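K.L.:
Structure supplied as run.csv; contents: CSV, C-alpha atoms.
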chain,number,residue,atom,x,y,z
A,1,MET,CA,-9.5,-3.8,-6.6
A,2,GLY,CA,-8.5,-6.5,-4.2
A,3,LYS,CA,-5.2,-8.5,-4.0
A,4,HIS,CA,-6.7,-11.5,-5.8
A,5,GLU,CA,-8.0,-9.3,-8.7
A,6,ARG,CA,-4.6,-7.6,-9.1
A,7,LYS,CA,-2.8,-10.9,-9.2
A,8,ARG,CA,-5.2,-12.2,-11.8
A,9,ILE,CA,-4.8,-9.1,-14.0
A,10,GLU,CA,-1.0,-9.4,-13.8
A,11,LEU,CA,-1.3,-13.0,-14.9
A,12,ARG,CA,-3.5,-11.8,-17.8
A,13,GLU,CA,-0.9,-9.2,-18.8
A,14,LYS,CA,1.9,-11.8,-18.7
A,15,HIS,CA,-0.2,-14.3,-20.6
A,16,LEU,CA,-0.9,-11.6,-23.3
A,17,ILE,CA,2.9,-11.0,-23.6
A,18,CYS,CA,3.5,-14.7,-24.2
A,19,LEU,CA,0.9,-14.8,-26.9
A,20,ILE,CA,2.4,-11.7,-28.6
A,21,ASN,CA,5.8,-13.3,-28.5
A,22,SER,CA,4.4,-16.6,-29.8
A,23,GLU,CA,5.6,-18.4,-26.7
A,24,ILE,CA,3.6,-21.5,-25.7
A,25,ASP,CA,5.5,-22.8,-22.6
A,26,PHE,CA,3.8,-21.0,-19.7
A,27,ASP,CA,2.5,-22.8,-16.6
A,28,PHE,CA,0.5,-19.9,-15.2
A,29,ALA,CA,-2.1,-20.1,-17.9
A,30,LYS,CA,-3.8,-23.0,-16.0
A,31,GLU,CA,-4.9,-20.4,-13.5
A,32,LEU,CA,-6.9,-18.5,-16.1
A,33,THR,CA,-10.3,-19.4,-17.3
A,34,GLY,CA,-11.1,-20.5,-20.9
A,35,LYS,CA,-12.8,-17.1,-21.5
A,36,ASP,CA,-9.7,-15.3,-20.3
A,37,ILE,CA,-7.4,-17.3,-22.6
A,38,LEU,CA,-9.7,-16.8,-25.6
A,39,LEU,CA,-10.0,-13.0,-25.1
A,40,ASP,CA,-6.3,-12.7,-24.6
A,41,LYS,CA,-5.7,-14.5,-27.9
A,42,ILE,CA,-8.0,-12.1,-29.7
A,43,LEU,CA,-6.3,-9.0,-28.1
A,44,ALA,CA,-2.8,-10.4,-28.8
A,45,GLN,CA,-3.7,-10.8,-32.5
A,46,LYS,CA,-5.1,-7.3,-32.6
A,47,ILE,CA,-1.9,-5.9,-31.1
A,48,LYS,CA,0.2,-7.8,-33.6
A,49,THR,CA,-1.9,-6.5,-36.5
A,50,ALA,CA,-1.8,-2.9,-35.2
A,51,PHE,CA,2.0,-3.0,-34.5
A,52,PRO,CA,3.5,-5.3,-37.2
A,53,LYS,CA,7.1,-4.1,-36.5
A,54,THR,CA,7.1,-5.5,-33.0
A,55,LYS,CA,10.2,-7.6,-32.3
A,56,GLN,CA,9.4,-8.5,-28.7
A,57,ALA,CA,6.9,-7.6,-25.9
A,58,LYS,CA,7.9,-7.1,-22.3
A,59,HIS,CA,5.9,-6.8,-19.1
A,60,ILE,CA,6.5,-3.6,-17.2
A,61,GLY,CA,3.3,-3.3,-15.3
A,62,ASN,CA,3.5,-2.1,-11.6
A,63,ILE,CA,7.1,-0.9,-12.2
A,64,TYR,CA,7.7,2.7,-11.1
A,65,GLY,CA,10.2,4.7,-13.1
A,66,ASN,CA,10.3,5.8,-16.7
A,67,SER,CA,7.8,3.2,-18.1
A,68,LEU,CA,4.6,4.6,-19.5
A,69,GLY,CA,2.3,1.5,-19.6
A,70,ASP,CA,1.8,-2.1,-18.7
A,71,ILE,CA,3.4,-3.6,-21.8
A,72,LYS,CA,6.5,-2.4,-23.8
A,73,LEU,CA,6.6,-3.3,-27.5
A,74,ILE,CA,10.2,-3.4,-28.7
A,75,GLN,CA,10.2,-2.4,-32.3
A,76,LYS,CA,12.4,-3.7,-35.2
A,77,SER,CA,15.1,-1.4,-36.7
A,78,GLU,CA,15.2,2.1,-35.3
A,79,SER,CA,11.5,2.5,-34.7
A,80,LYS,CA,10.6,4.0,-31.3
A,81,ASN,CA,9.3,1.5,-28.7
A,82,ILE,CA,5.6,1.5,-28.0
A,83,PHE,CA,4.0,1.4,-24.5
A,84,LEU,CA,0.5,0.0,-24.0
A,85,GLU,CA,-1.8,0.5,-21.0
A,86,ILE,CA,-4.1,-2.5,-20.7
A,87,LYS,CA,-7.5,-2.3,-19.1
A,88,PHE,CA,-9.5,-5.4,-18.0
A,89,VAL,CA,-13.2,-4.8,-17.3
A,90,LYS,CA,-15.3,-7.4,-15.4
A,91,SER,CA,-18.7,-6.0,-16.7
A,92,GLY,CA,-20.3,-3.0,-18.3
A,93,TYR,CA,-18.5,-0.6,-20.6
A,94,GLY,CA,-15.6,0.4,-18.3
A,95,THR,CA,-13.6,3.4,-19.7
A,96,ARG,CA,-15.8,3.4,-22.8
A,97,ALA,CA,-18.6,4.9,-20.7
A,98,ASN,CA,-16.3,7.6,-19.3
A,99,ILE,CA,-17.1,11.0,-20.6
A,100,SER,CA,-14.5,13.6,-21.2
A,101,GLN,CA,-13.4,15.7,-18.2
A,102,ASP,CA,-14.2,18.7,-20.4
A,103,ALA,CA,-17.7,17.4,-21.3
A,104,LEU,CA,-19.6,20.4,-19.8
A,105,THR,CA,-17.8,22.8,-22.1
A,106,LYS,CA,-17.2,20.4,-25.1
A,107,TYR,CA,-21.0,19.8,-25.5
A,108,GLY,CA,-22.0,23.4,-24.9
A,109,VAL,CA,-23.7,23.1,-21.5
A,110,PHE,CA,-21.6,26.1,-20.5
A,111,LYS,CA,-20.9,28.8,-23.2
A,112,ASP,CA,-17.6,30.7,-23.6
A,113,THR,CA,-16.2,28.9,-20.6
A,114,THR,CA,-12.7,27.7,-19.8
A,115,PRO,CA,-12.6,23.8,-19.9
A,116,TRP,CA,-11.8,22.0,-16.7
A,117,SER,CA,-8.5,20.6,-18.1
A,118,PHE,CA,-7.4,24.1,-19.1
A,119,PHE,CA,-8.4,25.4,-15.7
A,120,ARG,CA,-6.3,22.8,-14.0
A,121,ALA,CA,-3.4,23.5,-16.3
A,122,MET,CA,-3.6,27.2,-15.3
A,123,GLU,CA,-3.5,26.1,-11.7
A,124,LYS,CA,-0.4,24.1,-12.5
A,125,HIS,CA,-2.1,21.1,-11.0
A,126,ASP,CA,0.1,18.3,-12.4
A,127,LEU,CA,3.3,20.0,-11.4
A,128,TRP,CA,2.0,20.5,-7.8
A,129,VAL,CA,0.9,16.9,-7.5
A,130,PHE,CA,4.2,15.7,-8.9
A,131,GLU,CA,6.2,17.7,-6.4
A,132,LYS,CA,4.0,16.5,-3.6
A,133,LEU,CA,4.3,12.8,-4.7
A,134,SER,CA,8.1,13.3,-4.9
A,135,GLU,CA,8.1,14.0,-1.1
A,136,PHE,CA,7.5,10.2,-0.6
A,137,SER,CA,10.9,8.6,0.0
A,138,HIS,CA,10.0,4.9,-0.3
A,139,TYR,CA,9.3,4.2,-4.0
A,140,LYS,CA,10.6,0.9,-5.2
A,141,ASN,CA,12.7,2.6,-7.8
A,142,ALA,CA,14.7,5.5,-6.4
A,143,ASN,CA,15.4,7.0,-9.8
A,144,LYS,CA,12.5,9.5,-9.8
A,145,PRO,CA,11.5,10.9,-13.2
A,146,ILE,CA,12.6,14.5,-14.0
A,147,LYS,CA,9.4,15.8,-15.7
A,148,ALA,CA,5.8,15.7,-14.5
A,149,VAL,CA,4.6,13.4,-17.2
A,150,ARG,CA,1.0,12.4,-16.5
A,151,PRO,CA,1.4,8.6,-16.8
A,152,LEU,CA,4.3,8.7,-14.4
A,153,ILE,CA,2.3,10.8,-12.0
A,154,CYS,CA,-0.4,8.1,-12.1
A,155,ARG,CA,2.1,5.3,-11.4
A,156,MET,CA,3.6,7.2,-8.5
A,157,ALA,CA,0.1,7.8,-7.1
A,158,LYS,CA,-0.7,4.1,-7.5
A,159,GLU,CA,2.4,3.1,-5.5
A,160,LEU,CA,1.7,5.7,-2.9
A,161,LYS,CA,-1.9,4.4,-2.5
A,162,GLU,CA,-0.6,0.8,-2.0
A,163,ALA,CA,1.8,2.1,0.7
A,164,THR,CA,-1.0,3.6,2.7
A,165,LYS,CA,-2.4,0.0,3.3
A,166,LYS,CA,0.6,-1.0,5.3
A,167,GLU,CA,0.6,-0.4,9.1
A,168,ASN,CA,4.0,1.3,9.6
A,169,LYS,CA,5.8,4.6,9.5
A,170,ILE,CA,5.9,4.4,5.7
A,171,SER,CA,2.1,4.2,5.5
A,172,ALA,CA,1.8,7.3,7.7
A,173,GLU,CA,4.0,9.3,5.4
A,174,ALA,CA,2.1,8.0,2.4
A,175,GLU,CA,-1.3,8.8,4.0
A,176,ARG,CA,-0.1,12.4,4.8
A,177,ILE,CA,0.8,13.0,1.2
A,178,LYS,CA,-2.4,11.4,-0.2
A,179,THR,CA,-4.5,13.5,2.1
A,180,SER,CA,-2.8,16.7,1.0
A,181,ILE,CA,-3.4,15.8,-2.7
A,182,MET,CA,-7.1,15.0,-2.1
A,183,GLU,CA,-7.6,18.3,-0.3
A,184,LYS,CA,-5.8,20.1,-3.2
A,185,ASP,CA,-8.2,18.4,-5.6
A,186,ARG,CA,-11.2,19.3,-3.5
A,187,GLN,CA,-10.2,23.0,-3.4
A,188,GLU,CA,-9.6,23.2,-7.1
A,189,LYS,CA,-13.0,21.6,-7.9
A,190,LEU,CA,-14.7,24.1,-5.5
A,191,LYS,CA,-12.9,26.9,-7.2
A,192,TYR,CA,-14.0,25.7,-10.7
A,193,ILE,CA,-17.6,25.2,-9.6
A,194,LYS,CA,-17.6,28.8,-8.3
A,195,TYR,CA,-16.2,29.9,-11.7
A,196,LEU,CA,-19.0,27.9,-13.5
A,197,SER,CA,-21.6,29.7,-11.4
A,198,THR,CA,-20.7,32.9,-13.2
A,199,ARG,CA,-20.9,31.5,-16.7
A,200,PHE,CA,-23.9,31.3,-19.1
A,201,ILE,CA,-25.8,27.9,-19.1
A,202,ASP,CA,-27.4,26.6,-22.3
A,203,TYR,CA,-30.5,24.9,-20.8
A,204,ASP,CA,-31.3,23.0,-23.9
A,205,ASN,CA,-27.9,21.3,-24.0
A,206,LEU,CA,-28.1,20.8,-20.2
A,207,LYS,CA,-31.3,18.8,-20.7
A,208,LYS,CA,-29.7,16.6,-23.4
A,209,PHE,CA,-26.6,16.1,-21.2
A,210,VAL,CA,-28.7,15.0,-18.2
A,211,VAL,CA,-30.9,12.6,-20.3
A,212,LEU,CA,-27.8,10.8,-21.7
A,213,ILE,CA,-26.3,10.4,-18.2
A,214,LEU,CA,-29.5,9.2,-16.5
A,215,THR,CA,-30.4,6.8,-19.3
A,216,GLY,CA,-26.8,5.3,-19.2
A,217,ASN,CA,-26.1,6.4,-22.8
A,218,HIS,CA,-23.1,8.5,-21.9
A,219,THR,CA,-20.8,6.8,-24.5
A,220,SER,CA,-18.7,8.5,-27.1
A,221,THR,CA,-21.1,7.2,-29.8
A,222,ALA,CA,-24.1,8.7,-28.1
A,223,PHE,CA,-22.4,12.0,-27.5
A,224,LYS,CA,-21.4,12.2,-31.2
A,225,LYS,CA,-25.2,12.5,-31.9
A,226,PHE,CA,-25.6,15.0,-29.0
A,227,ARG,CA,-26.6,17.9,-31.3
A,228,GLU,CA,-29.2,15.8,-33.0
A,229,LEU,CA,-31.3,15.2,-29.9
A,230,ARG,CA,-34.7,17.0,-29.9
A,231,PHE,CA,-37.3,17.2,-27.2
A,232,CYS,CA,-41.0,17.0,-28.0
Would you kindly transcribe this structure into structure tokens?

P.N.:
Amino acid sequence: MGKHERKRIELREKHLICLINSEIDFDFAKELTGKDILLDKILAQKIKTAFPKTKQAKHIGNIYGNSLGDIKLIQKSESKNIFLEIKFVKSGYGTRANISQDALTKYGVFKDTTPWSFFRAMEKHDLWVFEKLSEFSHYKNANKPIKAVRPLICRMAKELKEATKKENKISAEAERIKTSIMEKDRQEKLKYIKYLSTRFIDYDNLKKFVVLILTGNHTSTAFKKFRELRFC
């Protein structure tokens, strides 16, 4: 995603907050298209309906620290605050077309096999990545989180990635850490593939899985009917 796209998405997020808060005085809306404004209005109404106890919405996107999303919904009374992660997709299905990381075991391609997420947990993947990310000493917010919470890890990684684009000593440090994490990921994947090579494959389910992927039908709806697929 380029600098222009990131700026536009941030404008969309701020516009969405104004709509949730029923604010009408915002100059930046003129930079958005009519389609953007219409879609934001629809989304804002859905959020209001889903979270009727919301007192105020605040923009927290791109802030490193203890925030867990792009938008914070402050609730009335003593209700816990709600954090929303907003995704804007230019075309296609976006995350709707993402299959589960455990799809190979979830849909029975491999029988009696440890799922990928469990395998990574046993390898203490998130803890290792968190500790490696914590070696970076130039986060905008110096108050680093105590626990290796996945959303916080993602935000740390996002800021680290941005730092690698600058040509200075900070970018060299960020690049070193990023390279270490990528190599760790690669080694874990190779280890899991080696483990899968020892497990039993259900070739009928493998055919179904491949057909859904190749035909572009790898959505949650299609996979719900996975067991019903029959080959002539």

K.L.:
Quick one: of A:Glu13, A:Glu23, A:Glu31, A:Asp36, who's nearest to Lys72 of chain A, counting only C-alpha atoms?

P.N.:
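Comparing A:Glu13, A:Glu23, A:Glu31, A:Asp36 against Lys72 of chain A, the winner is A:Glu13.
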
K.L.:
I'd like the neighbourhood of Lys165 of chain A as an mmCIF file with C-alpha atoms, keeping the file's coordinate frame, where a residue qualifies if any of its atoms comes within 9 Å (using only C-alpha atoms), though same-chain residues fewer than 4 positions away should be ignored.

P.N.:
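Wrote it out as selection-v3.cif, contents follow:
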data_model
loop_
_atom_site.group_PDB
_atom_site.id
_atom_site.type_symbol
_atom_site.label_atom_id
_atom_site.label_comp_id
_atom_site.auth_asym_id
_atom_site.auth_seq_id
_atom_site.Cartn_x
_atom_site.Cartn_y
_atom_site.Cartn_z
ATOM 1 C CA LYS A 161 -1.900 4.400 -2.500
ATOM 2 C CA SER A 171 2.100 4.200 5.500
ATOM 3 C CA GLU A 175 -1.300 8.800 4.000
#

K.L.:
Looking at only C-alpha atoms, which of A:Phe83, A:Ser22, A:Lys53, A:Glu123 is the one that sits closest to Lys41 of chain A?

P.N.:
A:Ser22

K.L.:
Which distance in Å separates atom CA of Gln101 of chain A and atom CA of Ser197 of chain A, to one decimal?

P.N.:
17.6 Å

K.L.:
What does the distance between atom CA of Cys18 of chain A and atom CA of Asp40 of chain A come to in Å, to one decimal place?

P.N.:
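Atom-to-atom, atom CA of Cys18 of chain A to atom CA of Asp40 of chain A, that is 10.0 Å.
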
K.L.:
Using only C-alpha atoms, can you tell me which of A:His138, A:Arg186, A:Lys169, A:Lys76 comes closest to His125 of chain A?

P.N.:
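Answer, going by the shortest atom-to-atom distance: A:Arg186.
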
K.L.:
Leaving out Phe118 of chain A and any residue of its chain fewer than 6 positions from it, which residues lie within 12 Å of it when counting all atoms listed in the file, given as number ranges by chain?

P.N.:
A: 101-102, 105, 124-126, 192

K.L.:
Measuring atom to atom with all atoms listed in the file, identify which of A:Asn168, A:Thr113, A:Ser134, A:Thr179 is nearest to Ile193 of chain A.

P.N.:
A:Thr113

K.L.:
I'd like to know which of A:Asp70, A:Ile24, A:Glu183, A:Leu16 is closest to Val129 of chain A, using all atoms listed in the file.

P.N.:
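That would be A:Glu183, the residue with the smallest distance to Val129 of chain A.
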
K.L.:
Between A:Leu104, A:Ala222, A:Ala172, A:Ala121, single out the one closest to Asn205 of chain A, counting only C-alpha atoms.

P.N.:
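Comparing A:Leu104, A:Ala222, A:Ala172, A:Ala121 against Asn205 of chain A, the winner is A:Leu104.
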
K.L.:
Which distance in Å separates atom CA of Ile20 of chain A and atom CA of Lys87 of chain A, to one decimal?

P.N.:
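Between atom CA of Ile20 of chain A and atom CA of Lys87 of chain A the gap is 16.6 Å.
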
K.L.:
For the point (2.2, 15.6, -5.3) in the file's frame, write as a ChimeraX atom specification all residues with an atom no more than 10 Å away, counting only C-alpha atoms.

P.N.:
/A:125-136,148,153,156-157,177-178,180-182,184
